[in-house]
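> Dropping in input15.csv, with CSV, C-alpha atoms.
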chain,number,residue,atom,x,y,z
K,1,MET,CA,10.7,42.0,-5.9
K,2,LYS,CA,11.5,39.5,-3.1
K,3,ASN,CA,12.3,39.9,0.5
K,4,ASN,CA,14.8,37.6,2.3
K,5,PHE,CA,13.7,35.7,5.4
K,6,LYS,CA,15.5,33.6,8.0
K,7,PRO,CA,15.4,30.1,6.6
K,8,THR,CA,12.8,27.7,8.0
K,9,ALA,CA,11.4,24.4,6.7
K,10,SER,CA,9.4,26.3,4.1
K,11,LEU,CA,9.0,23.7,1.2
K,12,ALA,CA,5.3,23.8,0.2
K,13,PRO,CA,3.0,22.1,-0.5
K,14,VAL,CA,4.1,19.0,1.3
K,15,PRO,CA,2.3,15.8,2.0
K,16,VAL,CA,0.6,15.2,5.3
K,17,VAL,CA,-0.1,11.6,6.2
K,18,MET,CA,-0.9,9.3,9.1
K,19,VAL,CA,1.9,6.8,9.7
K,20,SER,CA,0.8,3.7,11.5
K,21,CYS,CA,3.4,1.5,13.2
K,22,GLY,CA,4.0,-1.2,15.8
K,23,ASP,CA,2.0,-4.4,15.5
K,24,GLU,CA,-1.5,-5.7,16.1
K,25,ASP,CA,-1.1,-5.6,19.9
K,26,CYS,CA,1.1,-2.5,20.3
K,27,SER,CA,0.5,0.1,17.7
K,28,ASP,CA,0.6,3.9,17.3
K,29,ILE,CA,-0.2,6.5,14.7
K,30,ILE,CA,1.9,9.6,14.1
K,31,THR,CA,1.1,12.5,11.7
K,32,VAL,CA,4.0,13.3,9.5
K,33,ALA,CA,4.6,16.1,6.9
K,34,TRP,CA,8.4,15.9,6.8
K,35,MET,CA,8.6,13.2,4.1
K,36,GLY,CA,8.9,12.7,0.4
K,37,THR,CA,9.6,10.3,-2.4
K,38,VAL,CA,13.3,9.6,-2.8
K,39,ASN,CA,13.6,6.8,-5.5
K,40,SER,CA,11.5,5.4,-8.3
K,41,GLU,CA,12.6,1.8,-8.6
K,42,PRO,CA,12.4,0.3,-6.1
K,43,PRO,CA,9.8,2.9,-4.9
K,44,MET,CA,11.3,4.5,-1.8
K,45,LEU,CA,10.3,7.4,0.5
K,46,SER,CA,11.7,9.2,3.5
K,47,VAL,CA,9.9,9.9,6.7
K,48,SER,CA,11.5,12.2,9.3
K,49,ILE,CA,10.5,11.9,13.0
K,50,ARG,CA,11.8,13.4,16.2
K,51,LYS,CA,13.5,10.9,18.5
K,52,SER,CA,11.3,11.9,21.4
K,53,ARG,CA,8.2,10.5,19.7
K,54,TYR,CA,6.7,7.3,20.8
K,55,SER,CA,6.3,6.2,17.2
K,56,TYR,CA,10.0,6.7,16.7
K,57,GLU,CA,10.7,3.9,19.2
K,58,LEU,CA,8.3,1.5,17.5
K,59,ILE,CA,9.6,2.2,14.0
K,60,ALA,CA,13.2,2.0,15.1
K,61,LYS,CA,12.5,-1.3,16.8
K,62,ASN,CA,10.3,-3.0,14.1
K,63,GLY,CA,11.8,-1.4,11.0
K,64,GLU,CA,8.4,-1.1,9.4
K,65,PHE,CA,5.5,1.3,9.1
K,66,VAL,CA,2.5,2.2,6.9
K,67,VAL,CA,1.9,5.5,5.3
K,68,ASN,CA,-1.8,6.2,5.2
K,69,LEU,CA,-2.9,9.0,2.8
K,70,VAL,CA,-5.2,11.6,4.3
K,71,THR,CA,-8.5,12.8,2.7
K,72,LYS,CA,-10.5,15.9,3.6
K,73,SER,CA,-12.8,13.8,5.8
K,74,LEU,CA,-9.8,12.5,7.7
K,75,ALA,CA,-8.1,16.0,8.2
K,76,LYS,CA,-9.5,16.4,11.7
K,77,VAL,CA,-8.5,13.0,13.0
K,78,CYS,CA,-5.1,13.5,11.3
K,79,ASP,CA,-4.6,16.7,13.3
K,80,LYS,CA,-5.7,14.9,16.5
K,81,CYS,CA,-3.0,12.2,15.9
K,82,GLY,CA,-0.5,15.0,15.5
K,83,VAL,CA,-1.2,16.7,18.8
K,84,THR,CA,-1.4,13.6,21.1
K,85,SER,CA,1.0,10.9,22.1
K,86,GLY,CA,0.7,7.2,21.9
K,87,ARG,CA,2.4,7.1,25.3
K,88,ASP,CA,-0.9,8.5,26.8
K,89,ILE,CA,-3.6,7.1,24.6
K,90,ASP,CA,-4.4,4.3,22.1
K,91,LYS,CA,-5.1,6.5,19.1
K,92,PHE,CA,-6.9,3.8,17.1
K,93,LYS,CA,-9.3,3.3,20.0
K,94,GLU,CA,-9.6,7.0,21.1
K,95,PHE,CA,-10.2,8.3,17.6
K,96,ASN,CA,-12.4,5.5,16.3
K,97,LEU,CA,-9.9,4.4,13.6
K,98,ASN,CA,-9.9,0.7,12.6
K,99,LYS,CA,-6.9,-1.5,12.3
K,100,GLU,CA,-6.6,-3.4,9.1
K,101,LYS,CA,-4.2,-6.2,8.6
K,102,SER,CA,-1.3,-5.3,6.2
K,103,GLU,CA,-0.3,-7.6,3.4
K,104,LYS,CA,3.5,-7.4,3.8
K,105,VAL,CA,4.3,-5.8,7.1
K,106,LYS,CA,3.3,-6.4,10.8
K,107,ALA,CA,2.3,-2.7,11.2
K,108,PRO,CA,-1.5,-2.3,10.8
K,109,ARG,CA,-3.0,-0.2,8.1
K,110,ILE,CA,-5.7,2.4,8.9
K,111,ALA,CA,-8.9,1.1,7.4
K,112,GLU,CA,-10.4,4.6,7.0
K,113,SER,CA,-7.5,5.8,4.7
K,114,PRO,CA,-8.2,5.0,1.1
K,115,VAL,CA,-4.5,4.4,0.2
K,116,SER,CA,-2.0,2.7,2.5
K,117,LEU,CA,1.7,2.3,1.6
K,118,GLU,CA,3.3,-0.5,3.4
K,119,CYS,CA,7.0,0.3,4.0
K,120,VAL,CA,10.2,-1.5,5.2
K,121,VAL,CA,13.0,0.7,6.6
K,122,LYS,CA,16.3,0.4,4.6
K,123,ASN,CA,18.4,3.2,6.1
K,124,LYS,CA,18.2,5.6,9.0
K,125,ILE,CA,20.0,9.0,9.0
K,126,GLU,CA,20.4,11.0,12.2
K,127,MET,CA,19.8,14.8,11.6
K,128,ASN,CA,19.9,17.5,14.2
K,129,THR,CA,16.2,17.6,15.2
K,130,HIS,CA,14.9,14.6,13.3
K,131,VAL,CA,15.8,11.1,12.3
K,132,MET,CA,15.2,10.3,8.6
K,133,PHE,CA,14.0,6.8,7.9
K,134,ILE,CA,14.5,5.8,4.3
K,135,ALA,CA,12.1,3.0,3.4
K,136,GLU,CA,11.0,0.9,0.5
K,137,ILE,CA,7.3,0.7,-0.4
K,138,VAL,CA,6.6,-3.1,-0.5
K,139,ASN,CA,2.8,-3.0,-1.0
K,140,VAL,CA,0.2,-0.4,-2.0
K,141,ALA,CA,-3.4,-1.1,-0.7
K,142,VAL,CA,-6.1,1.0,-2.3
K,143,ASP,CA,-9.8,1.3,-1.5
K,144,GLU,CA,-11.9,-0.5,-4.1
K,145,ASN,CA,-13.8,2.7,-4.8
K,146,TYR,CA,-10.6,4.2,-6.3
K,147,SER,CA,-9.7,1.1,-8.4
K,148,ASN,CA,-11.0,-1.1,-11.3
K,149,GLY,CA,-8.9,-4.0,-10.0
K,150,VAL,CA,-6.2,-3.4,-12.6
K,151,SER,CA,-5.2,0.1,-11.8
K,152,TYR,CA,-6.3,2.9,-9.5
K,153,ARG,CA,-6.9,6.6,-9.6
K,154,ILE,CA,-7.0,9.0,-6.7
K,155,PRO,CA,-9.9,11.3,-7.5
K,156,ASP,CA,-9.5,15.1,-7.6
K,157,ASN,CA,-10.7,17.1,-4.6
K,158,GLU,CA,-10.0,14.3,-2.1
K,159,LEU,CA,-6.5,14.6,-0.6
K,160,VAL,CA,-5.0,17.1,1.9
K,161,ALA,CA,-1.6,18.8,1.6
K,162,TYR,CA,0.3,20.9,4.1
K,163,VAL,CA,1.3,24.5,3.6
K,164,GLN,CA,2.9,26.6,6.4
K,165,SER,CA,1.2,24.6,9.2
K,166,ARG,CA,-2.1,24.7,7.4
K,167,TYR,CA,-4.0,21.6,6.2
K,168,VAL,CA,-5.1,22.6,2.7
K,169,ALA,CA,-7.5,20.9,0.3
K,170,VAL,CA,-6.1,19.5,-3.0
K,171,GLY,CA,-8.4,20.4,-5.8
K,172,ASP,CA,-8.7,19.9,-9.6
K,173,THR,CA,-6.2,18.5,-12.0
K,174,ILE,CA,-4.5,21.3,-14.1
K,175,GLY,CA,-2.8,18.9,-16.5
K,176,THR,CA,-1.0,15.6,-16.7
K,177,PHE,CA,2.8,15.3,-17.0
K,178,GLY,CA,3.7,16.4,-20.5
K,179,PHE,CA,0.5,18.4,-21.1
K,180,SER,CA,2.4,21.5,-22.1
K,181,VAL,CA,3.8,19.9,-25.2
K,182,LYS,CA,0.9,17.6,-26.2
K,183,LYS,CA,-0.6,18.4,-29.6
S,184,MET,CA,-12.1,-3.0,1.3
S,185,LYS,CA,-8.7,-2.5,-0.3
S,186,ASN,CA,-7.0,-4.1,-3.2
S,187,ASN,CA,-3.3,-4.7,-3.3
S,188,PHE,CA,-1.2,-3.2,-6.1
S,189,LYS,CA,2.4,-3.6,-7.2
S,190,PRO,CA,4.4,-1.0,-5.3
S,191,THR,CA,5.2,2.2,-7.1
S,192,ALA,CA,6.2,5.7,-5.9
S,193,SER,CA,2.7,6.4,-4.9
S,194,LEU,CA,3.0,9.0,-2.1
S,195,ALA,CA,0.5,11.8,-2.7
S,196,PRO,CA,0.2,14.7,-2.8
S,197,VAL,CA,3.8,15.6,-3.3
S,198,PRO,CA,5.4,19.0,-4.0
S,199,VAL,CA,6.3,19.9,-7.6
S,200,VAL,CA,8.9,22.6,-7.9
S,201,MET,CA,11.4,24.1,-10.4
S,202,VAL,CA,15.0,23.6,-9.2
S,203,SER,CA,17.4,26.1,-10.6
S,204,CYS,CA,21.1,25.4,-10.6
S,205,GLY,CA,24.5,26.3,-12.0
S,206,ASP,CA,25.6,29.9,-11.9
S,207,GLU,CA,24.8,33.1,-13.8
S,208,ASP,CA,26.6,32.0,-16.9
S,209,CYS,CA,25.8,28.3,-17.0
S,210,SER,CA,22.4,27.5,-15.5
S,211,ASP,CA,19.6,25.0,-15.8
S,212,ILE,CA,16.1,24.3,-14.4
S,213,ILE,CA,14.8,20.9,-13.6
S,214,THR,CA,11.3,20.0,-12.5
S,215,VAL,CA,11.3,17.9,-9.4
S,216,ALA,CA,8.6,16.1,-7.5
S,217,TRP,CA,10.7,13.5,-5.7
S,218,MET,CA,11.6,15.7,-2.7
S,219,GLY,CA,10.6,16.6,0.8
S,220,THR,CA,11.4,18.2,4.1
S,221,VAL,CA,13.8,16.1,6.2
S,222,ASN,CA,14.8,18.3,9.2
S,223,SER,CA,13.5,21.3,11.0
S,224,GLU,CA,16.5,23.0,12.6
S,225,PRO,CA,18.5,23.6,10.5
S,226,PRO,CA,15.8,23.5,7.8
S,227,MET,CA,16.8,20.8,5.4
S,228,LEU,CA,15.2,19.1,2.4
S,229,SER,CA,15.9,16.3,0.1
S,230,VAL,CA,15.9,16.4,-3.7
S,231,SER,CA,16.2,13.2,-5.8
S,232,ILE,CA,17.5,13.4,-9.4
S,233,ARG,CA,18.5,10.8,-11.9
S,234,LYS,CA,22.2,10.8,-12.7
S,235,SER,CA,21.5,11.1,-16.4
S,236,ARG,CA,20.0,14.6,-16.0
S,237,TYR,CA,22.0,17.7,-17.0
S,238,SER,CA,21.0,19.4,-13.7
S,239,TYR,CA,22.5,16.5,-11.8
S,240,GLU,CA,25.9,17.4,-13.2
S,241,LEU,CA,25.6,21.0,-12.2
S,242,ILE,CA,24.3,20.3,-8.7
S,243,ALA,CA,26.9,17.6,-8.1
S,244,LYS,CA,29.6,20.0,-9.2
S,245,ASN,CA,28.5,23.2,-7.5
S,246,GLY,CA,26.8,21.8,-4.4
S,247,GLU,CA,24.1,24.4,-4.5
S,248,PHE,CA,20.6,24.8,-6.0
S,249,VAL,CA,17.4,26.9,-5.6
S,250,VAL,CA,14.0,25.4,-5.0
S,251,ASN,CA,11.4,27.6,-6.7
S,252,LEU,CA,7.8,27.0,-5.7
S,253,VAL,CA,5.3,26.6,-8.5
S,254,THR,CA,2.0,28.5,-8.7
S,255,LYS,CA,-0.9,27.7,-11.0
S,256,SER,CA,0.2,30.3,-13.5
S,257,LEU,CA,3.6,28.6,-13.6
S,258,ALA,CA,2.2,25.0,-14.0
S,259,LYS,CA,2.7,25.0,-17.8
S,260,VAL,CA,6.3,26.3,-17.8
S,261,CYS,CA,7.0,23.9,-14.9
S,262,ASP,CA,5.9,21.0,-17.1
S,263,LYS,CA,8.0,22.3,-20.0
S,264,CYS,CA,11.0,22.3,-17.8
S,265,GLY,CA,10.2,18.7,-16.9
S,266,VAL,CA,10.1,17.4,-20.5
S,267,THR,CA,13.2,19.2,-22.0
S,268,SER,CA,16.9,19.0,-21.3
S,269,GLY,CA,19.3,21.8,-20.5
S,270,ARG,CA,21.8,20.0,-22.8
S,271,ASP,CA,19.6,21.1,-25.7
S,272,ILE,CA,18.2,24.4,-24.7
S,273,ASP,CA,18.7,27.3,-22.3
S,274,LYS,CA,15.4,26.9,-20.4
S,275,PHE,CA,15.5,30.5,-18.9
S,276,LYS,CA,15.7,32.0,-22.4
S,277,GLU,CA,13.5,29.5,-24.2
S,278,PHE,CA,10.6,29.7,-21.6
S,279,ASN,CA,10.9,33.4,-20.9
S,280,LEU,CA,11.9,33.0,-17.3
S,281,ASN,CA,14.1,35.6,-15.6
S,282,LYS,CA,17.2,34.9,-13.6
S,283,GLU,CA,17.3,36.7,-10.3
S,284,LYS,CA,20.5,36.9,-8.2
S,285,SER,CA,20.4,34.8,-5.1
S,286,GLU,CA,21.4,36.1,-1.7
S,287,LYS,CA,23.5,33.2,-0.4
S,288,VAL,CA,24.2,30.9,-3.4
S,289,LYS,CA,25.6,31.3,-6.9
S,290,ALA,CA,22.7,29.4,-8.5
S,291,PRO,CA,20.1,32.0,-9.8
S,292,ARG,CA,16.6,32.1,-8.5
S,293,ILE,CA,13.6,32.2,-10.9
S,294,ALA,CA,12.1,35.7,-10.7
S,295,GLU,CA,8.6,34.5,-11.6
S,296,SER,CA,8.4,32.1,-8.7
S,297,PRO,CA,7.0,33.8,-5.6
S,298,VAL,CA,9.1,31.7,-3.1
S,299,SER,CA,12.6,30.6,-3.7
S,300,LEU,CA,14.6,28.4,-1.2
S,301,GLU,CA,18.3,28.8,-1.6
S,302,CYS,CA,20.0,25.5,-0.7
S,303,VAL,CA,23.5,24.1,0.0
S,304,VAL,CA,24.1,20.4,-0.4
S,305,LYS,CA,25.3,18.6,2.8
S,306,ASN,CA,25.0,15.0,1.8
S,307,LYS,CA,24.4,12.8,-1.2
S,308,ILE,CA,23.0,9.3,-1.2
S,309,GLU,CA,23.1,7.1,-4.2
S,310,MET,CA,19.9,5.1,-4.7
S,311,ASN,CA,19.0,2.7,-7.5
S,312,THR,CA,17.4,5.1,-10.0
S,313,HIS,CA,18.0,8.4,-8.3
S,314,VAL,CA,20.6,10.3,-6.3
S,315,MET,CA,19.2,12.0,-3.2
S,316,PHE,CA,20.8,15.4,-2.4
S,317,ILE,CA,20.2,16.4,1.2
S,318,ALA,CA,20.6,20.1,1.5
S,319,GLU,CA,20.2,22.9,4.0
S,320,ILE,CA,18.0,25.9,3.2
S,321,VAL,CA,20.2,28.9,3.8
S,322,ASN,CA,17.9,31.7,2.6
S,323,VAL,CA,14.2,32.0,1.8
S,324,ALA,CA,13.2,34.8,-0.7
S,325,VAL,CA,9.6,35.7,-0.9
S,326,ASP,CA,7.6,37.9,-3.2
S,327,GLU,CA,6.8,41.2,-1.5
S,328,ASN,CA,3.1,40.6,-2.3
S,329,TYR,CA,3.1,37.6,0.0
S,330,SER,CA,4.8,39.4,2.9
S,331,ASN,CA,4.5,42.3,5.3
S,332,GLY,CA,8.3,42.5,5.7
S,333,VAL,CA,8.3,40.7,9.0
S,334,SER,CA,6.6,37.5,8.0
S,335,TYR,CA,5.0,36.0,4.9
S,336,ARG,CA,2.0,33.9,4.1
S,337,ILE,CA,1.5,31.8,1.0
S,338,PRO,CA,-2.1,32.5,0.0
S,339,ASP,CA,-4.7,29.8,-0.5
S,340,ASN,CA,-5.5,28.7,-4.1
S,341,GLU,CA,-2.0,29.5,-5.4
S,342,LEU,CA,0.3,26.5,-5.3
S,343,VAL,CA,0.4,23.3,-7.3
S,344,ALA,CA,0.9,19.8,-6.0
S,345,TYR,CA,1.5,16.5,-7.8
S,346,VAL,CA,-0.7,13.4,-7.6
S,347,GLN,CA,-0.1,10.3,-9.8
S,348,SER,CA,1.6,12.3,-12.6
S,349,ARG,CA,-1.0,15.0,-12.5
S,350,TYR,CA,-0.4,18.7,-11.6
S,351,VAL,CA,-3.3,19.5,-9.2
S,352,ALA,CA,-4.3,22.9,-7.8
S,353,VAL,CA,-3.9,23.5,-4.0
S,354,GLY,CA,-7.1,25.0,-2.7
S,355,ASP,CA,-8.5,26.4,0.6
S,356,THR,CA,-7.2,26.0,4.1
S,357,ILE,CA,-9.2,23.3,6.1
S,358,GLY,CA,-7.6,24.2,9.4
S,359,THR,CA,-4.3,25.2,11.1
S,360,PHE,CA,-2.2,22.7,13.0
S,361,GLY,CA,-4.0,22.0,16.3
S,362,PHE,CA,-7.4,23.1,15.0
S,363,SER,CA,-9.0,19.8,16.1
S,364,VAL,CA,-8.4,20.5,19.7
S,365,LYS,CA,-8.8,24.3,19.8
S,366,LYS,CA,-11.6,25.5,22.1
Translate the structure described by the file into structure tokens.

Amino acid sequence: MKNNFKPTASLAPVPVVMVSCGDEDCSDIITVAWMGTVNSEPPMLSVSIRKSRYSYELIAKNGEFVVNLVTKSLAKVCDKCGVTSGRDIDKFKEFNLNKEKSEKVKAPRIAESPVSLECVVKNKIEMNTHVMFIAEIVNVAVDENYSNGVSYRIPDNELVAYVQSRYVAVGDTIGTFGFSVKK
Amino acid sequence: MKNNFKPTASLAPVPVVMVSCGDEDCSDIITVAWMGTVNSEPPMLSVSIRKSRYSYELIAKNGEFVVNLVTKSLAKVCDKCGVTSGRDIDKFKEFNLNKEKSEKVKAPRIAESPVSLECVVKNKIEMNTHVMFIAEIVNVAVDENYSNGVSYRIPDNELVAYVQSRYVAVGDTIGTFGFSVKK
């Protein structure tokens, strides 16, 4: 039996990532959970941000950003980036995160994140509380510990997801796509 | 040090859910991972589906669907719904899933899923491989075991996420939003 509740943004689990934006001189980091994959080829994702955010200005101006995946060891600094504003502090400096030059965009990657997705904005849709940026992933940079040079694998028990305002640990693999019908 | 890889849809973790659509007589279930929250008020999400899918037809026609969250005990049937087509089989019947009447939409909920988000399509954007449906969540139905009638909490160690084509278990809470600055 189910009870009905007033609708809220209750999709779960959702990703939680640190989005870096701006350029080498003027940069910011914003924590985002309102996002998802939207297309396979070319690979595209959406990132929704409130217009009042400092990062919104930088992304709207430059049309670029980097999605940096969050591991358990980054959960605390990810939360810090979510409760502070780039108008008041330089989050890279304040939180001891290192800027890393991106391959295809001017926005810096976060060196401490093991997987950084460099993105170029293709479309922008104004919603009621948020603006959705629809962007193409133009480069994927992966920590050499996750890769053999040819491909890469994000290990189990590393990443963080978001469930009802909680950062939750992602655990073991249950099965790979198609496992239910494999002989 | 990071290595650069050809861009793919590499956001992780992402949700993986069973989307039910159609109506009581003609229904289908599709497994979707290309989705995310896009707006807070009203609560909205995006779901991207290939045009070739049977579910695409039903959703495009009816403008409604239900997002059913997936628990570890549903991982196998979720995978089955992802590798079969509603053109060939009735997935509810074939996989022993029960239809549950929705509160606000004609599309049935999946009774076995503990959290069902009833959605109404507001916008549709054609991408290269997928069509993105942008929909408003109009009702949230939650298993009474998760709720006290007034609010609900999705327990730790219940849900499933998706990482690089793997279904992965979602584990313990690391902290609640703002935990890094709480005294």
> Can you show chain S as a short mmCIF file (atom, residue, chain, number, x, y, z; two decimals) with C-alpha atoms, keeping the file's coordinate frame once it has been least-squares superposed onto chain K, using every C-alpha atom paired in order?

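Okay, superposed_37.cif is ready:
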data_model
loop_
_atom_site.label_atom_id
_atom_site.label_comp_id
_atom_site.auth_asym_id
_atom_site.auth_seq_id
_atom_site.Cartn_x
_atom_site.Cartn_y
_atom_site.Cartn_z
CA MET S 184 10.72 41.91 -5.85
CA LYS S 185 11.53 39.46 -3.08
CA ASN S 186 12.36 39.88 0.53
CA ASN S 187 14.77 37.65 2.33
CA PHE S 188 13.64 35.70 5.40
CA LYS S 189 15.42 33.60 8.00
CA PRO S 190 15.47 30.05 6.67
CA THR S 191 12.83 27.70 7.96
CA ALA S 192 11.39 24.41 6.63
CA SER S 193 9.40 26.25 4.10
CA LEU S 194 8.91 23.75 1.25
CA ALA S 195 5.27 23.79 0.14
CA PRO S 196 2.99 22.09 -0.48
CA VAL S 197 4.10 19.01 1.33
CA PRO S 198 2.23 15.73 1.95
CA VAL S 199 0.53 15.20 5.33
CA VAL S 200 -0.12 11.59 6.17
CA MET S 201 -0.90 9.30 9.15
CA VAL S 202 1.94 6.81 9.74
CA SER S 203 0.86 3.70 11.51
CA CYS S 204 3.39 1.51 13.24
CA GLY S 205 4.00 -1.25 15.76
CA ASP S 206 2.06 -4.46 15.43
CA GLU S 207 -1.49 -5.64 16.11
CA ASP S 208 -1.05 -5.58 19.84
CA CYS S 209 1.12 -2.52 20.32
CA SER S 210 0.48 0.15 17.70
CA ASP S 211 0.61 3.89 17.25
CA ILE S 212 -0.20 6.59 14.65
CA ILE S 213 1.87 9.63 14.07
CA THR S 214 1.08 12.52 11.77
CA VAL S 215 3.92 13.31 9.47
CA ALA S 216 4.55 16.07 6.99
CA TRP S 217 8.34 15.94 6.83
CA MET S 218 8.55 13.22 4.14
CA GLY S 219 8.87 12.64 0.45
CA THR S 220 9.58 10.34 -2.43
CA VAL S 221 13.31 9.60 -2.82
CA ASN S 222 13.57 6.82 -5.47
CA SER S 223 11.48 5.39 -8.22
CA GLU S 224 12.60 1.78 -8.67
CA PRO S 225 12.36 0.37 -6.08
CA PRO S 226 9.79 2.91 -4.85
CA MET S 227 11.23 4.47 -1.77
CA LEU S 228 10.28 7.35 0.52
CA SER S 229 11.68 9.18 3.41
CA VAL S 230 9.97 9.87 6.73
CA SER S 231 11.53 12.21 9.35
CA ILE S 232 10.54 11.86 13.04
CA ARG S 233 11.88 13.38 16.19
CA LYS S 234 13.56 10.89 18.49
CA SER S 235 11.36 11.93 21.38
CA ARG S 236 8.20 10.59 19.68
CA TYR S 237 6.64 7.28 20.81
CA SER S 238 6.30 6.21 17.13
CA TYR S 239 10.02 6.69 16.69
CA GLU S 240 10.63 3.93 19.20
CA LEU S 241 8.32 1.54 17.47
CA ILE S 242 9.62 2.24 13.97
CA ALA S 243 13.24 2.06 15.11
CA LYS S 244 12.52 -1.26 16.76
CA ASN S 245 10.35 -2.95 14.15
CA GLY S 246 11.76 -1.41 10.97
CA GLU S 247 8.38 -1.19 9.37
CA PHE S 248 5.53 1.35 9.10
CA VAL S 249 2.44 2.17 6.95
CA VAL S 250 1.92 5.49 5.26
CA ASN S 251 -1.82 6.22 5.19
CA LEU S 252 -2.93 9.01 2.88
CA VAL S 253 -5.22 11.62 4.35
CA THR S 254 -8.47 12.76 2.72
CA LYS S 255 -10.48 15.84 3.65
CA SER S 256 -12.82 13.81 5.81
CA LEU S 257 -9.78 12.53 7.70
CA ALA S 258 -8.14 16.01 8.17
CA LYS S 259 -9.50 16.41 11.73
CA VAL S 260 -8.46 12.96 13.02
CA CYS S 261 -5.11 13.48 11.25
CA ASP S 262 -4.58 16.65 13.29
CA LYS S 263 -5.61 14.85 16.49
CA CYS S 264 -3.02 12.26 15.85
CA GLY S 265 -0.49 15.06 15.43
CA VAL S 266 -1.16 16.72 18.82
CA THR S 267 -1.41 13.59 21.11
CA SER S 268 1.06 10.93 22.13
CA GLY S 269 0.71 7.18 21.90
CA ARG S 270 2.38 7.05 25.36
CA ASP S 271 -0.86 8.47 26.74
CA ILE S 272 -3.56 7.07 24.60
CA ASP S 273 -4.33 4.30 22.12
CA LYS S 274 -5.03 6.55 19.11
CA PHE S 275 -6.91 3.78 17.11
CA LYS S 276 -9.39 3.33 19.98
CA GLU S 277 -9.58 6.94 21.11
CA PHE S 278 -10.19 8.37 17.54
CA ASN S 279 -12.37 5.54 16.31
CA LEU S 280 -9.99 4.37 13.65
CA ASN S 281 -9.92 0.72 12.59
CA LYS S 282 -6.85 -1.43 12.30
CA GLU S 283 -6.67 -3.37 9.08
CA LYS S 284 -4.15 -6.21 8.57
CA SER S 285 -1.36 -5.36 6.22
CA GLU S 286 -0.28 -7.62 3.40
CA LYS S 287 3.51 -7.45 3.74
CA VAL S 288 4.25 -5.82 7.15
CA LYS S 289 3.22 -6.39 10.75
CA ALA S 290 2.30 -2.73 11.29
CA PRO S 291 -1.55 -2.34 10.79
CA ARG S 292 -2.97 -0.15 8.12
CA ILE S 293 -5.72 2.41 8.92
CA ALA S 294 -8.97 1.11 7.39
CA GLU S 295 -10.41 4.60 6.92
CA SER S 296 -7.55 5.77 4.76
CA PRO S 297 -8.20 5.02 1.09
CA VAL S 298 -4.46 4.42 0.21
CA SER S 299 -2.02 2.76 2.47
CA LEU S 300 1.73 2.29 1.57
CA GLU S 301 3.30 -0.55 3.44
CA CYS S 302 6.98 0.26 4.04
CA VAL S 303 10.21 -1.46 5.21
CA VAL S 304 13.02 0.66 6.56
CA LYS S 305 16.34 0.36 4.63
CA ASN S 306 18.33 3.18 6.10
CA LYS S 307 18.29 5.68 8.92
CA ILE S 308 20.03 9.02 9.02
CA GLU S 309 20.37 11.01 12.14
CA MET S 310 19.84 14.74 11.60
CA ASN S 311 19.86 17.55 14.16
CA THR S 312 16.18 17.59 15.19
CA HIS S 313 14.88 14.62 13.29
CA VAL S 314 15.80 11.09 12.27
CA MET S 315 15.15 10.34 8.60
CA PHE S 316 13.93 6.76 7.90
CA ILE S 317 14.44 5.81 4.28
CA ALA S 318 12.13 2.99 3.44
CA GLU S 319 10.99 0.91 0.51
CA ILE S 320 7.28 0.65 -0.33
CA VAL S 321 6.60 -3.05 -0.51
CA ASN S 322 2.81 -3.03 -1.01
CA VAL S 323 0.23 -0.42 -1.96
CA ALA S 324 -3.41 -1.07 -0.75
CA VAL S 325 -6.11 0.95 -2.31
CA ASP S 326 -9.77 1.37 -1.59
CA GLU S 327 -11.85 -0.59 -4.09
CA ASN S 328 -13.79 2.62 -4.86
CA TYR S 329 -10.64 4.16 -6.28
CA SER S 330 -9.75 1.16 -8.46
CA ASN S 331 -10.96 -1.04 -11.28
CA GLY S 332 -8.85 -3.97 -10.04
CA VAL S 333 -6.14 -3.43 -12.58
CA SER S 334 -5.20 0.12 -11.79
CA TYR S 335 -6.34 2.89 -9.45
CA ARG S 336 -6.82 6.60 -9.62
CA ILE S 337 -6.93 8.98 -6.69
CA PRO S 338 -9.83 11.30 -7.50
CA ASP S 339 -9.53 15.07 -7.64
CA ASN S 340 -10.73 17.09 -4.60
CA GLU S 341 -9.95 14.31 -2.11
CA LEU S 342 -6.50 14.64 -0.60
CA VAL S 343 -5.01 17.10 1.84
CA ALA S 344 -1.67 18.82 1.61
CA TYR S 345 0.25 20.95 4.11
CA VAL S 346 1.36 24.56 3.61
CA GLN S 347 2.96 26.64 6.43
CA SER S 348 1.25 24.64 9.22
CA ARG S 349 -2.07 24.69 7.47
CA TYR S 350 -4.01 21.61 6.20
CA VAL S 351 -5.13 22.67 2.68
CA ALA S 352 -7.51 20.84 0.33
CA VAL S 353 -6.09 19.40 -2.96
CA GLY S 354 -8.35 20.43 -5.78
CA ASP S 355 -8.70 19.84 -9.57
CA THR S 356 -6.19 18.48 -12.01
CA ILE S 357 -4.49 21.32 -14.09
CA GLY S 358 -2.83 18.91 -16.48
CA THR S 359 -1.01 15.53 -16.76
CA PHE S 360 2.75 15.32 -17.02
CA GLY S 361 3.69 16.42 -20.56
CA PHE S 362 0.48 18.38 -21.10
CA SER S 363 2.44 21.51 -22.10
CA VAL S 364 3.82 19.90 -25.15
CA LYS S 365 0.92 17.63 -26.17
CA LYS S 366 -0.48 18.38 -29.64
#
> Of the residues K:Gln164, K:Thr31, K:Asn3, K:Thr176, which is the one nearest to Asn68 of chain K, using only C-alpha atoms?
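The answer is K:Thr31, which sits nearest to Asn68 of chain K.
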> Counting all atoms listed in the file, write as JSON, numbers by chain all protein and nucleic acid residues lying at most 12 Å from (10.6, 8.4, 15.1) in the file's frame.
{"K": [19, 20, 21, 22, 28, 29, 30, 31, 32, 34, 46, 47, 48, 49, 50, 51, 52, 53, 54, 55, 56, 57, 58, 59, 60, 61, 62, 63, 64, 65, 121, 124, 125, 126, 127, 129, 130, 131, 132, 133, 134]}
